[in-house]
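Asks: Just one file: entry-v5.csv, with CSV, C-alpha atoms.
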```
chain,number,residue,atom,x,y,z
A,1,MET,CA,0.3,27.3,-10.5
A,2,ASN,CA,1.1,28.0,-6.9
A,3,PRO,CA,2.9,24.9,-5.5
A,4,TRP,CA,0.8,25.0,-2.3
A,5,LEU,CA,-2.4,25.1,-4.3
A,6,TYR,CA,-1.2,22.3,-6.5
A,7,ALA,CA,-0.2,20.2,-3.4
A,8,ALA,CA,-3.6,20.8,-1.9
A,9,LEU,CA,-5.3,19.7,-5.2
A,10,CYS,CA,-3.2,16.6,-5.3
A,11,VAL,CA,-4.7,15.5,-1.9
A,12,THR,CA,-8.2,16.8,-2.3
A,13,VAL,CA,-9.0,15.6,-5.8
A,14,PRO,CA,-8.3,11.9,-5.2
A,15,LEU,CA,-9.9,12.2,-1.8
A,16,ALA,CA,-13.1,13.5,-3.4
A,17,TRP,CA,-12.9,10.7,-6.0
A,18,GLY,CA,-12.6,8.1,-3.2
A,19,LEU,CA,-15.6,9.6,-1.3
A,20,GLY,CA,-17.6,9.5,-4.5
A,21,VAL,CA,-16.6,5.8,-5.2
A,22,ASN,CA,-17.6,5.0,-1.6
A,23,TRP,CA,-21.0,6.8,-2.0
A,24,VAL,CA,-21.7,5.0,-5.3
A,25,SER,CA,-20.7,1.5,-4.0
A,26,GLN,CA,-23.0,2.1,-0.9
A,27,ARG,CA,-25.9,3.0,-3.1
A,28,ILE,CA,-25.3,-0.1,-5.3
A,29,GLU,CA,-25.0,-2.3,-2.2
A,30,LYS,CA,-28.3,-0.9,-0.8
A,31,GLN,CA,-30.1,-1.4,-4.1
A,32,LEU,CA,-28.9,-5.0,-4.6
A,33,GLY,CA,-29.1,-5.9,-0.9
A,34,LEU,CA,-25.4,-6.9,-0.8
A,35,LYS,CA,-24.7,-5.5,2.6
A,36,ALA,CA,-25.2,-8.8,4.5
A,37,GLU,CA,-23.0,-10.7,2.0
A,38,LYS,CA,-20.1,-8.2,2.4
A,39,THR,CA,-20.2,-8.5,6.2
A,40,GLN,CA,-20.1,-12.3,5.8
A,41,THR,CA,-17.0,-12.0,3.5
A,42,ILE,CA,-15.1,-10.1,6.2
A,43,ALA,CA,-16.2,-12.7,8.8
A,44,GLN,CA,-14.9,-15.5,6.6
A,45,ASP,CA,-11.4,-14.1,6.3
A,46,ASP,CA,-10.0,-16.4,9.0
A,47,LYS,CA,-11.0,-19.5,7.0
A,48,VAL,CA,-8.1,-21.1,5.2
B,1,MET,CA,-3.7,4.3,-27.3
B,2,GLY,CA,-4.8,7.8,-26.7
B,3,PRO,CA,-5.4,10.3,-25.1
B,4,TYR,CA,-1.9,11.0,-23.9
B,5,ILE,CA,-0.4,13.1,-21.2
B,6,ARG,CA,3.0,14.7,-21.3
B,7,LEU,CA,4.6,14.6,-17.9
B,8,GLY,CA,7.3,17.1,-18.6
B,9,ILE,CA,9.4,16.6,-15.4
B,10,GLY,CA,12.4,14.8,-16.7
B,11,LEU,CA,10.4,12.2,-18.6
B,12,GLY,CA,10.6,13.5,-22.2
B,13,HIS,CA,7.9,11.2,-23.6
B,14,SER,CA,4.1,11.0,-23.5
B,15,VAL,CA,2.2,8.4,-21.6
B,16,SER,CA,-1.1,7.0,-22.7
B,17,LEU,CA,-3.9,7.7,-20.2
B,18,SER,CA,-5.8,4.6,-21.3
B,19,ALA,CA,-2.7,2.4,-20.6
B,20,LEU,CA,-2.4,4.0,-17.2
B,21,ALA,CA,-6.1,3.4,-16.5
B,22,GLY,CA,-5.4,-0.2,-17.6
B,23,LEU,CA,-2.5,-0.5,-15.2
B,24,GLY,CA,-4.8,0.9,-12.4
B,25,LEU,CA,-7.5,-1.6,-13.3
B,26,MET,CA,-5.0,-4.5,-13.1
B,27,VAL,CA,-3.4,-3.3,-9.8
B,28,GLY,CA,-6.9,-2.5,-8.4
B,29,PHE,CA,-8.1,-5.9,-9.3
B,30,ILE,CA,-5.2,-7.6,-7.6
B,31,ALA,CA,-5.6,-5.3,-4.6
B,32,GLY,CA,-9.3,-6.0,-4.3
B,33,MET,CA,-8.8,-9.7,-4.8
B,34,PHE,CA,-6.1,-10.2,-2.2
B,35,GLY,CA,-7.2,-7.4,0.2
B,36,VAL,CA,-4.0,-5.4,-0.1
B,37,GLY,CA,-3.3,-1.8,-1.2
B,38,GLY,CA,-1.3,-2.7,-4.3
B,39,GLY,CA,1.1,0.3,-4.0
B,40,PHE,CA,4.0,-2.1,-3.8
B,41,LEU,CA,3.2,-3.4,-7.3
B,42,LEU,CA,2.2,0.0,-8.7
B,43,THR,CA,5.4,2.0,-8.1
B,44,PRO,CA,7.7,-0.7,-9.8
B,45,LEU,CA,5.3,-1.1,-12.7
B,46,LEU,CA,5.2,2.6,-13.3
B,47,ILE,CA,9.0,2.8,-13.4
B,48,TYR,CA,9.7,-0.3,-15.5
B,49,ALA,CA,6.7,-0.7,-17.7
B,50,PHE,CA,6.0,3.0,-18.4
B,51,GLY,CA,9.5,4.5,-18.0
B,52,ILE,CA,8.2,7.1,-15.4
B,53,PRO,CA,11.1,8.6,-13.4
B,54,PRO,CA,11.2,7.0,-9.9
B,55,GLN,CA,10.4,10.1,-7.9
B,56,ILE,CA,7.3,10.9,-10.1
B,57,ALA,CA,6.2,7.2,-9.8
B,58,VAL,CA,6.6,7.3,-6.0
B,59,GLY,CA,4.7,10.7,-5.6
B,60,SER,CA,1.9,9.8,-8.1
B,61,ALA,CA,1.4,6.3,-6.5
B,62,LEU,CA,1.0,8.0,-3.1
B,63,CYS,CA,-1.4,10.5,-4.6
B,64,GLN,CA,-3.7,7.9,-6.0
B,65,LYS,CA,-3.6,6.1,-2.6
B,66,CYS,CA,-5.3,9.2,-1.1
B,67,GLY,CA,-8.4,8.0,-3.1
B,68,THR,CA,-8.2,4.3,-2.3
B,69,SER,CA,-7.3,4.7,1.4
B,70,ILE,CA,-10.3,6.9,2.2
B,71,THR,CA,-12.5,4.2,0.7
B,72,SER,CA,-10.9,1.5,2.8
B,73,PHE,CA,-11.1,3.7,5.9
B,74,LEU,CA,-14.8,4.3,5.4
B,75,LYS,CA,-15.5,0.6,4.7
B,76,PHE,CA,-13.7,-0.6,7.8
B,77,ARG,CA,-15.1,2.1,10.1
B,78,LYS,CA,-18.5,0.9,9.1
B,79,PHE,CA,-17.7,-2.6,10.4
B,80,ARG,CA,-16.1,-1.2,13.6
B,81,ARG,CA,-13.2,-3.7,13.4
B,82,GLY,CA,-9.6,-3.2,14.6
B,83,GLU,CA,-8.2,-0.9,17.3
B,84,PRO,CA,-7.9,2.8,16.3
B,85,ARG,CA,-5.7,3.6,19.3
B,86,ILE,CA,-2.9,1.6,17.6
B,87,ASP,CA,-3.3,3.9,14.6
B,88,LEU,CA,-3.2,7.1,16.8
B,89,VAL,CA,-0.1,6.1,18.6
B,90,MET,CA,1.7,5.1,15.4
B,91,LEU,CA,0.6,8.3,13.6
B,92,GLY,CA,3.2,10.5,15.3
B,93,GLY,CA,6.1,8.3,14.2
B,94,SER,CA,4.5,7.8,10.8
B,95,LEU,CA,4.3,11.5,10.0
B,96,ILE,CA,7.9,12.0,11.0
B,97,GLY,CA,8.8,8.9,8.9
B,98,VAL,CA,7.0,10.0,5.8
B,99,ASP,CA,8.8,13.4,6.0
B,100,ALA,CA,12.1,11.5,6.4
B,101,GLY,CA,11.3,9.2,3.5
B,102,THR,CA,10.4,12.1,1.2
B,103,ARG,CA,13.7,13.9,2.1
B,104,LEU,CA,15.6,10.7,1.4
B,105,LEU,CA,13.9,10.5,-2.0
B,106,VAL,CA,14.8,14.2,-2.8
B,107,THR,CA,18.4,13.4,-1.8
B,108,LEU,CA,18.5,10.3,-4.0
B,109,SER,CA,17.0,12.1,-7.0
B,110,ARG,CA,19.8,14.7,-6.7
B,111,MET,CA,22.6,12.2,-6.3
B,112,PRO,CA,25.0,11.7,-9.2
B,113,ASP,CA,24.9,8.4,-11.1
B,114,PHE,CA,26.8,5.4,-9.7
B,115,GLN,CA,29.8,4.3,-11.8
B,116,VAL,CA,29.8,0.5,-12.1
B,117,GLY,CA,32.7,-0.4,-14.5
B,118,SER,CA,32.0,1.6,-17.6
B,119,ARG,CA,28.3,1.9,-16.9
B,120,GLN,CA,26.4,4.8,-15.3
B,121,LEU,CA,23.6,3.6,-12.9
B,122,PRO,CA,20.9,6.2,-11.9
B,123,ALA,CA,21.2,6.4,-8.1
B,124,ALA,CA,17.5,6.8,-7.3
B,125,GLN,CA,16.4,3.9,-9.5
B,126,SER,CA,19.2,1.6,-8.5
B,127,ILE,CA,18.5,2.1,-4.7
B,128,LEU,CA,14.8,1.7,-5.2
B,129,ASP,CA,15.4,-1.4,-7.3
B,130,VAL,CA,17.3,-3.0,-4.5
B,131,LEU,CA,14.7,-1.9,-1.9
B,132,PHE,CA,11.8,-3.3,-3.9
B,133,ILE,CA,13.7,-6.6,-4.6
B,134,VAL,CA,14.2,-7.0,-0.8
B,135,LEU,CA,10.6,-6.0,0.0
B,136,LEU,CA,8.8,-8.0,-2.7
B,137,GLY,CA,11.1,-11.0,-2.2
B,138,PHE,CA,10.2,-11.1,1.5
B,139,ILE,CA,6.5,-10.7,0.7
B,140,ALA,CA,6.6,-13.6,-1.8
B,141,TYR,CA,8.5,-15.8,0.6
B,142,ARG,CA,6.2,-15.0,3.5
B,143,THR,CA,2.9,-15.5,1.6
B,144,GLY,CA,4.1,-18.6,-0.1
B,145,LEU,CA,5.2,-20.1,3.3
B,146,ASP,CA,1.9,-19.1,4.8
B,147,ALA,CA,-0.1,-20.8,2.0
B,148,TRP,CA,2.1,-23.9,2.4
B,149,GLU,CA,1.6,-24.1,6.2
B,150,ALA,CA,-2.1,-23.5,5.8
B,151,ARG,CA,-2.4,-27.1,4.5
B,152,LYS,CA,-2.1,-28.3,8.0
B,153,ARG,CA,-4.6,-25.9,9.6
B,154,THR,CA,-8.1,-27.2,9.7
B,155,ILE,CA,-9.7,-25.1,12.4
B,156,PRO,CA,-10.2,-21.4,11.8
B,157,ARG,CA,-8.5,-19.3,14.5
B,158,GLY,CA,-11.6,-17.1,15.0
B,159,ASP,CA,-11.5,-13.6,16.4
B,160,VAL,CA,-8.9,-14.3,19.1
B,161,THR,CA,-5.7,-12.3,19.8
B,162,ILE,CA,-2.7,-14.6,20.5
B,163,PRO,CA,0.0,-12.1,21.8
B,164,GLY,CA,3.0,-12.1,19.5
B,165,PRO,CA,6.7,-11.4,20.2
B,166,LEU,CA,6.2,-7.6,19.9
B,167,VAL,CA,3.8,-7.8,22.8
B,168,THR,CA,5.5,-10.4,25.0
B,169,ARG,CA,9.2,-9.6,24.4
B,170,VAL,CA,9.4,-5.8,23.8
B,171,LYS,CA,9.4,-4.2,27.3
B,172,ILE,CA,9.9,-0.5,26.7
B,173,PRO,CA,7.7,1.7,29.0
B,174,PRO,CA,5.3,3.4,29.0
B,175,TYR,CA,2.6,0.9,28.1
B,176,MET,CA,-1.0,1.0,27.1
B,177,SER,CA,-3.8,-1.4,27.4
B,178,LEU,CA,-6.0,-2.5,24.5
B,179,PRO,CA,-8.9,-4.5,26.0
B,180,ASN,CA,-11.0,-4.3,22.8
B,181,VAL,CA,-8.5,-6.6,21.0
B,182,GLY,CA,-7.5,-8.6,24.1
B,183,ILE,CA,-4.0,-7.1,24.8
B,184,ALA,CA,-3.2,-6.4,28.4
B,185,GLN,CA,-0.2,-4.1,27.7
B,186,ILE,CA,1.8,-3.0,24.7
B,187,SER,CA,4.8,-0.7,24.5
B,188,ILE,CA,3.9,2.8,23.2
B,189,PRO,CA,7.5,3.7,22.0
B,190,MET,CA,7.6,0.4,20.1
B,191,LEU,CA,4.4,1.3,18.2
B,192,ALA,CA,5.8,4.8,17.5
B,193,TYR,CA,9.0,3.4,16.0
B,194,LEU,CA,7.0,0.9,13.9
B,195,GLY,CA,5.0,3.9,12.6
B,196,PHE,CA,8.2,5.7,11.8
B,197,GLY,CA,9.4,2.7,9.7
B,198,LEU,CA,6.1,2.5,7.8
B,199,GLY,CA,6.2,6.3,7.2
B,200,VAL,CA,9.7,6.1,5.7
B,201,ALA,CA,8.6,3.3,3.4
B,202,SER,CA,5.6,5.4,2.2
B,203,GLY,CA,7.7,8.5,1.6
B,204,LEU,CA,10.6,6.7,-0.1
B,205,MET,CA,8.8,3.9,-2.0
B,206,GLY,CA,5.3,5.3,-2.6
B,207,ILE,CA,3.7,2.3,-0.9
B,208,GLY,CA,0.8,2.6,1.6
B,209,GLY,CA,2.6,0.4,4.0
B,210,GLY,CA,-0.3,-2.1,4.4
B,211,VAL,CA,1.8,-4.8,2.9
B,212,LEU,CA,4.4,-4.3,5.7
B,213,PHE,CA,1.9,-3.5,8.4
B,214,MET,CA,-0.3,-6.6,8.1
B,215,PRO,CA,2.6,-9.1,8.9
B,216,VAL,CA,3.5,-6.9,11.9
B,217,LEU,CA,-0.1,-6.9,13.2
B,218,LEU,CA,-0.7,-10.6,12.5
B,219,TYR,CA,2.6,-12.2,13.4
B,220,GLY,CA,4.3,-9.5,15.5
B,221,ILE,CA,1.4,-8.3,17.7
B,222,GLY,CA,-0.8,-11.4,17.1
B,223,LEU,CA,-4.2,-9.8,16.2
B,224,SER,CA,-6.8,-11.9,14.4
B,225,VAL,CA,-7.2,-11.3,10.6
B,226,ARG,CA,-10.4,-9.4,11.1
B,227,ASN,CA,-9.0,-7.0,13.7
B,228,ALA,CA,-5.7,-6.6,11.8
B,229,ALA,CA,-7.6,-5.7,8.6
B,230,GLY,CA,-9.5,-2.9,10.4
B,231,THR,CA,-6.4,-1.5,12.2
B,232,GLY,CA,-4.1,0.8,10.3
B,233,VAL,CA,-6.7,2.2,7.9
B,234,LEU,CA,-6.8,5.6,9.6
B,235,LEU,CA,-2.9,5.6,9.9
B,236,LEU,CA,-2.6,4.7,6.2
B,237,PHE,CA,-5.0,7.5,5.1
B,238,VAL,CA,-3.4,10.3,7.1
B,239,THR,CA,0.2,9.1,6.2
B,240,VAL,CA,-0.5,9.0,2.4
B,241,ALA,CA,-2.3,12.4,2.5
B,242,VAL,CA,0.6,14.1,4.3
B,243,GLY,CA,3.2,12.3,2.1
B,244,THR,CA,1.3,13.3,-1.1
B,245,PHE,CA,1.2,17.0,0.0
B,246,GLU,CA,4.9,17.0,0.7
B,247,GLN,CA,5.9,15.2,-2.4
B,248,ALA,CA,3.7,17.5,-4.5
B,249,LEU,CA,5.5,20.5,-3.0
B,250,HIS,CA,8.8,19.0,-4.3
B,251,GLY,CA,7.2,18.6,-7.8
B,252,PHE,CA,7.1,14.7,-7.6
B,253,VAL,CA,3.3,14.3,-8.2
B,254,SER,CA,1.6,14.2,-11.5
B,255,LEU,CA,-2.1,14.6,-10.8
B,256,PRO,CA,-3.4,13.5,-14.2
B,257,LEU,CA,-1.3,10.4,-14.0
B,258,ALA,CA,-2.5,9.6,-10.5
B,259,MET,CA,-6.2,10.2,-11.5
B,260,ALA,CA,-5.9,7.9,-14.6
B,261,ILE,CA,-4.6,5.1,-12.3
B,262,LEU,CA,-7.3,5.8,-9.7
B,263,LEU,CA,-10.0,5.6,-12.3
B,264,GLY,CA,-8.9,2.1,-13.3
B,265,SER,CA,-8.2,0.9,-9.8
B,266,SER,CA,-11.6,2.0,-8.5
B,267,ILE,CA,-13.3,-0.3,-11.0
B,268,GLY,CA,-10.6,-3.0,-10.6
B,269,SER,CA,-10.8,-3.2,-6.8
B,270,GLN,CA,-14.6,-3.8,-7.0
B,271,LEU,CA,-14.2,-6.6,-9.6
B,272,GLY,CA,-11.3,-8.1,-7.6
B,273,ALA,CA,-13.4,-8.2,-4.4
B,274,LEU,CA,-16.1,-10.1,-6.2
B,275,THR,CA,-13.5,-12.7,-7.4
B,276,THR,CA,-12.2,-13.3,-3.9
B,277,ASN,CA,-15.4,-15.2,-3.0
B,278,LYS,CA,-14.9,-17.6,-5.9
B,279,LEU,CA,-11.5,-18.9,-5.0
B,280,PRO,CA,-10.2,-20.7,-1.8
B,281,ASN,CA,-8.0,-18.6,0.4
B,282,ARG,CA,-4.9,-20.9,-0.1
B,283,THR,CA,-5.2,-20.7,-3.9
B,284,LEU,CA,-5.4,-16.9,-3.6
B,285,ARG,CA,-2.3,-16.7,-1.5
B,286,LEU,CA,-0.4,-18.9,-3.9
B,287,VAL,CA,-1.4,-16.8,-6.9
B,288,PHE,CA,-0.5,-13.7,-5.0
B,289,ALA,CA,3.0,-15.1,-4.2
B,290,GLY,CA,3.4,-15.9,-7.9
B,291,LEU,CA,2.5,-12.4,-9.0
B,292,VAL,CA,4.8,-10.8,-6.5
B,293,SER,CA,7.6,-13.2,-7.5
B,294,ALA,CA,7.1,-12.2,-11.2
B,295,THR,CA,7.3,-8.5,-10.3
B,296,THR,CA,10.5,-9.2,-8.3
B,297,LEU,CA,12.1,-11.0,-11.3
B,298,MET,CA,11.1,-8.1,-13.5
B,299,ILE,CA,13.0,-5.7,-11.3
B,300,VAL,CA,16.0,-8.0,-11.0
B,301,TRP,CA,16.1,-8.2,-14.8
B,302,ASP,CA,15.9,-4.4,-15.1
B,303,LEU,CA,18.7,-3.9,-12.6
B,304,ALA,CA,20.8,-6.5,-14.4
B,305,ARG,CA,20.1,-4.7,-17.7
B,306,LEU,CA,21.1,-1.4,-16.3
B,307,ALA,CA,24.4,-2.8,-14.9
B,308,ALA,CA,25.3,-5.0,-18.0
```
Turn the structure described in the file into structure tokens.
Replies:
Amino acid sequence: MNPWLYAALCVTVPLAWGLGVNWVSQRIEKQLGLKAEKTQTIAQDDKV
Amino acid sequence: MGPYIRLGIGLGHSVSLSALAGLGLMVGFIAGMFGVGGGFLLTPLLIYAFGIPPQIAVGSALCQKCGTSITSFLKFRKFRRGEPRIDLVMLGGSLIGVDAGTRLLVTLSRMPDFQVGSRQLPAAQSILDVLFIVLLGFIAYRTGLDAWEARKRTIPRGDVTIPGPLVTRVKIPPYMSLPNVGIAQISIPMLAYLGFGLGVASGLMGIGGGVLFMPVLLYGIGLSVRNAAGTGVLLLFVTVAVGTFEQALHGFVSLPLAMAILLGSSIGSQLGALTTNKLPNRTLRLVFAGLVSATTLMIVWDLARLAA
């Protein structure tokens, strides 16, 4: 395989996977109503 | 455990895809649980637990980070946390750094073995061993210390920036102002050099750099945890994408290997994030310091075995 094509695939395939994971997790969050909880988790980061 | 992939490039043995996905699951779980990228654990584990050649381990770890970093970027962009201008200034240095790191790795992989007494030590693996021991040792020490000191803190710091030594002491013009995170002026060249250092670490060691970047943002610049977590995600994503492309051109990336790890880590990070809510922050930090210490000891043992 052409090295440039392979290099492009090595970046785009995991990228597409990551976008897919993000899309699925957003769908799940929306369905389960977890959005507020996640925001709260980020806000709690400063607590020791 | 099958199915297997044969990596070809200097490996000479097959690696189980299921075992790689299991490794990804474990590293992803740790990453999700502690809010770190996990690359600093992944590269050493690929080398020592799976016998993957160092340059392939570094390239493939960077490749799988293309998937995890885009997810982090989108997540933090949604919360509008952090200061993206820090990322943009550091990006120039980081792109040069990742190129320098990759070239260093190419040079190391072509170097002849070191002669220690009657033993031959592979140059790339020995140097990466030492770098990982220093890096992981520092992380274990810093996190352990932080957890210990946290006993005395009772009041959460909140979302306030307390300018650190990199803001108050480094006076190299020109400067920029970051009112969104409460910084009146910060040196642009200093940020660019920091970016260069992180880029070198990415290209040479296959780590995203988050594990180095967070202490810099928290203790060096003095950002709050929330702003620090949202800063650097854009930088991380672009740096790993460019680093992966360059390493793939040198033949250092195995896409099936990276995808098997990414499959596991995508599930593991979601499970890890759920666990985070169940444990106190101090316990999390102590467990994390223990895990990093264990990995450091594994590398020390490996280096000693090579030299013995």
Asks: Here is a test: counting all atoms listed in the file, which residue of B:Gly24, B:Pro174, B:Pro44, B:Gly67 is nearest to chain A?
Replies: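 Looking at the shortest contact to chain A, the residue is B:Gly67.
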Asks: Measuring atom to atom with all atoms listed in the file, identify which of B:Leu198, B:Ile56, B:Cys66, B:Ala228 is nearest to Leu9 in chain A.
Replies: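 Closest candidate: B:Cys66.
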Asks: Range 17-30 of chain A: which residues within 9 Å, counting all atoms listed in the file, same-chain residues fewer than 2 positions away excluded, as a list in words?
Replies: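 Residues near the query, excluding close chain neighbours: Thr12, Val13, Pro14, Leu15, Leu32, Gly33, Leu34, Lys35 and Lys38 of chain A; Cys66, Gly67, Thr68, Ser69, Ile70, Thr71, Ser72, Leu74, Lys75, Met259, Leu262, Leu263, Ser266 and Gln270 of chain B.
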Asks: Give me a file of those residues, with C-alpha atoms, as an mmCIF file, in the coordinates of the input.
Replies:
```cif
data_model
loop_
_atom_site.group_PDB
_atom_site.id
_atom_site.type_symbol
_atom_site.label_atom_id
_atom_site.label_comp_id
_atom_site.auth_asym_id
_atom_site.auth_seq_id
_atom_site.Cartn_x
_atom_site.Cartn_y
_atom_site.Cartn_z
ATOM 1 C CA THR A 12 -8.200 16.800 -2.300
ATOM 2 C CA VAL A 13 -9.000 15.600 -5.800
ATOM 3 C CA PRO A 14 -8.300 11.900 -5.200
ATOM 4 C CA LEU A 15 -9.900 12.200 -1.800
ATOM 5 C CA LEU A 32 -28.900 -5.000 -4.600
ATOM 6 C CA GLY A 33 -29.100 -5.900 -0.900
ATOM 7 C CA LEU A 34 -25.400 -6.900 -0.800
ATOM 8 C CA LYS A 35 -24.700 -5.500 2.600
ATOM 9 C CA LYS A 38 -20.100 -8.200 2.400
ATOM 10 C CA CYS B 66 -5.300 9.200 -1.100
ATOM 11 C CA GLY B 67 -8.400 8.000 -3.100
ATOM 12 C CA THR B 68 -8.200 4.300 -2.300
ATOM 13 C CA SER B 69 -7.300 4.700 1.400
ATOM 14 C CA ILE B 70 -10.300 6.900 2.200
ATOM 15 C CA THR B 71 -12.500 4.200 0.700
ATOM 16 C CA SER B 72 -10.900 1.500 2.800
ATOM 17 C CA LEU B 74 -14.800 4.300 5.400
ATOM 18 C CA LYS B 75 -15.500 0.600 4.700
ATOM 19 C CA MET B 259 -6.200 10.200 -11.500
ATOM 20 C CA LEU B 262 -7.300 5.800 -9.700
ATOM 21 C CA LEU B 263 -10.000 5.600 -12.300
ATOM 22 C CA SER B 266 -11.600 2.000 -8.500
ATOM 23 C CA GLN B 270 -14.600 -3.800 -7.000
#
```
Asks: Using all atoms listed in the file, find all polymer residues with an atom at most 8 Å away from the point (-6.7, -6.4, 9.9); report them as a list in words.
Replies: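 With a cut-off of 8 Å, the residues come to Arg81, Gly82, Met214, Leu217, Leu218, Leu223, Ser224, Val225, Arg226, Asn227, Ala228, Ala229, Gly230, Thr231 and Gly232 of chain B.
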Asks: For chain A, which of B:Gln64, B:Ser118, B:Thr161, B:Gln185 is the closest residue, counting all atoms listed in the file?
Replies: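 Using all atoms listed in the file, the shortest distance to chain A belongs to B:Gln64.
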Asks: For each of B:Gly93, B:Gly59, B:Gly290, B:Gly272, take the minimum atom-to-atom distance to Ile30 in chain B, counting all atoms listed in the file, then give the residue where this is smallest.
Replies: B:Gly272
Asks: Please compute the CA of Leu105 in chain B-CA of Leu204 in chain B distance, one decimal, in Å.
Replies: 5.4 Å
Asks: Ranking B:Ala289, B:Val36, B:Val160, B:Ala147 by minimum distance to Gly209 in chain B and counting only C-alpha atoms, which one comes first?
Replies: B:Val36
Asks: By how many Å are CA of Met190 in chain B and CA of Gly203 in chain B apart?
Replies: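 Separation of CA of Met190 in chain B and CA of Gly203 in chain B: 20.2 Å.
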Asks: So which one's closest to Pro122 in chain B, B:Arg282, B:Val134, B:Ser109, B:Gly32? Using all atoms listed in the file, please.
Replies: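 For Pro122 in chain B, the nearest of the candidates is B:Ser109.
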Asks: Could you tell me how far CA of Cys10 in chain A lies from CA of Ile207 in chain B, in Å and to one decimal?
Replies: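 Going from CA of Cys10 in chain A over to CA of Ile207 in chain B, I get 16.5 Å.
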Asks: Up to 12 Å from (3.5, -14.4, 27.6) in the file's coordinates: name the residues, counting only C-alpha atoms, as number ranges by chain.
Replies: B: 162-171, 183-186, 221-222
Asks: Hey, can you spit out that residue selection with C-alpha atoms as a PDB file, keeping the file's coordinate frame?
Replies:
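Printed below is part_22.pdb as written:
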```pdb
ATOM      1  CA  ILE B 162      -2.700 -14.600  20.500  1.00  0.00           C
ATOM      2  CA  PRO B 163       0.000 -12.100  21.800  1.00  0.00           C
ATOM      3  CA  GLY B 164       3.000 -12.100  19.500  1.00  0.00           C
ATOM      4  CA  PRO B 165       6.700 -11.400  20.200  1.00  0.00           C
ATOM      5  CA  LEU B 166       6.200  -7.600  19.900  1.00  0.00           C
ATOM      6  CA  VAL B 167       3.800  -7.800  22.800  1.00  0.00           C
ATOM      7  CA  THR B 168       5.500 -10.400  25.000  1.00  0.00           C
ATOM      8  CA  ARG B 169       9.200  -9.600  24.400  1.00  0.00           C
ATOM      9  CA  VAL B 170       9.400  -5.800  23.800  1.00  0.00           C
ATOM     10  CA  LYS B 171       9.400  -4.200  27.300  1.00  0.00           C
ATOM     11  CA  ILE B 183      -4.000  -7.100  24.800  1.00  0.00           C
ATOM     12  CA  ALA B 184      -3.200  -6.400  28.400  1.00  0.00           C
ATOM     13  CA  GLN B 185      -0.200  -4.100  27.700  1.00  0.00           C
ATOM     14  CA  ILE B 186       1.800  -3.000  24.700  1.00  0.00           C
ATOM     15  CA  ILE B 221       1.400  -8.300  17.700  1.00  0.00           C
ATOM     16  CA  GLY B 222      -0.800 -11.400  17.100  1.00  0.00           C
TER      17      GLY B 222
END
```
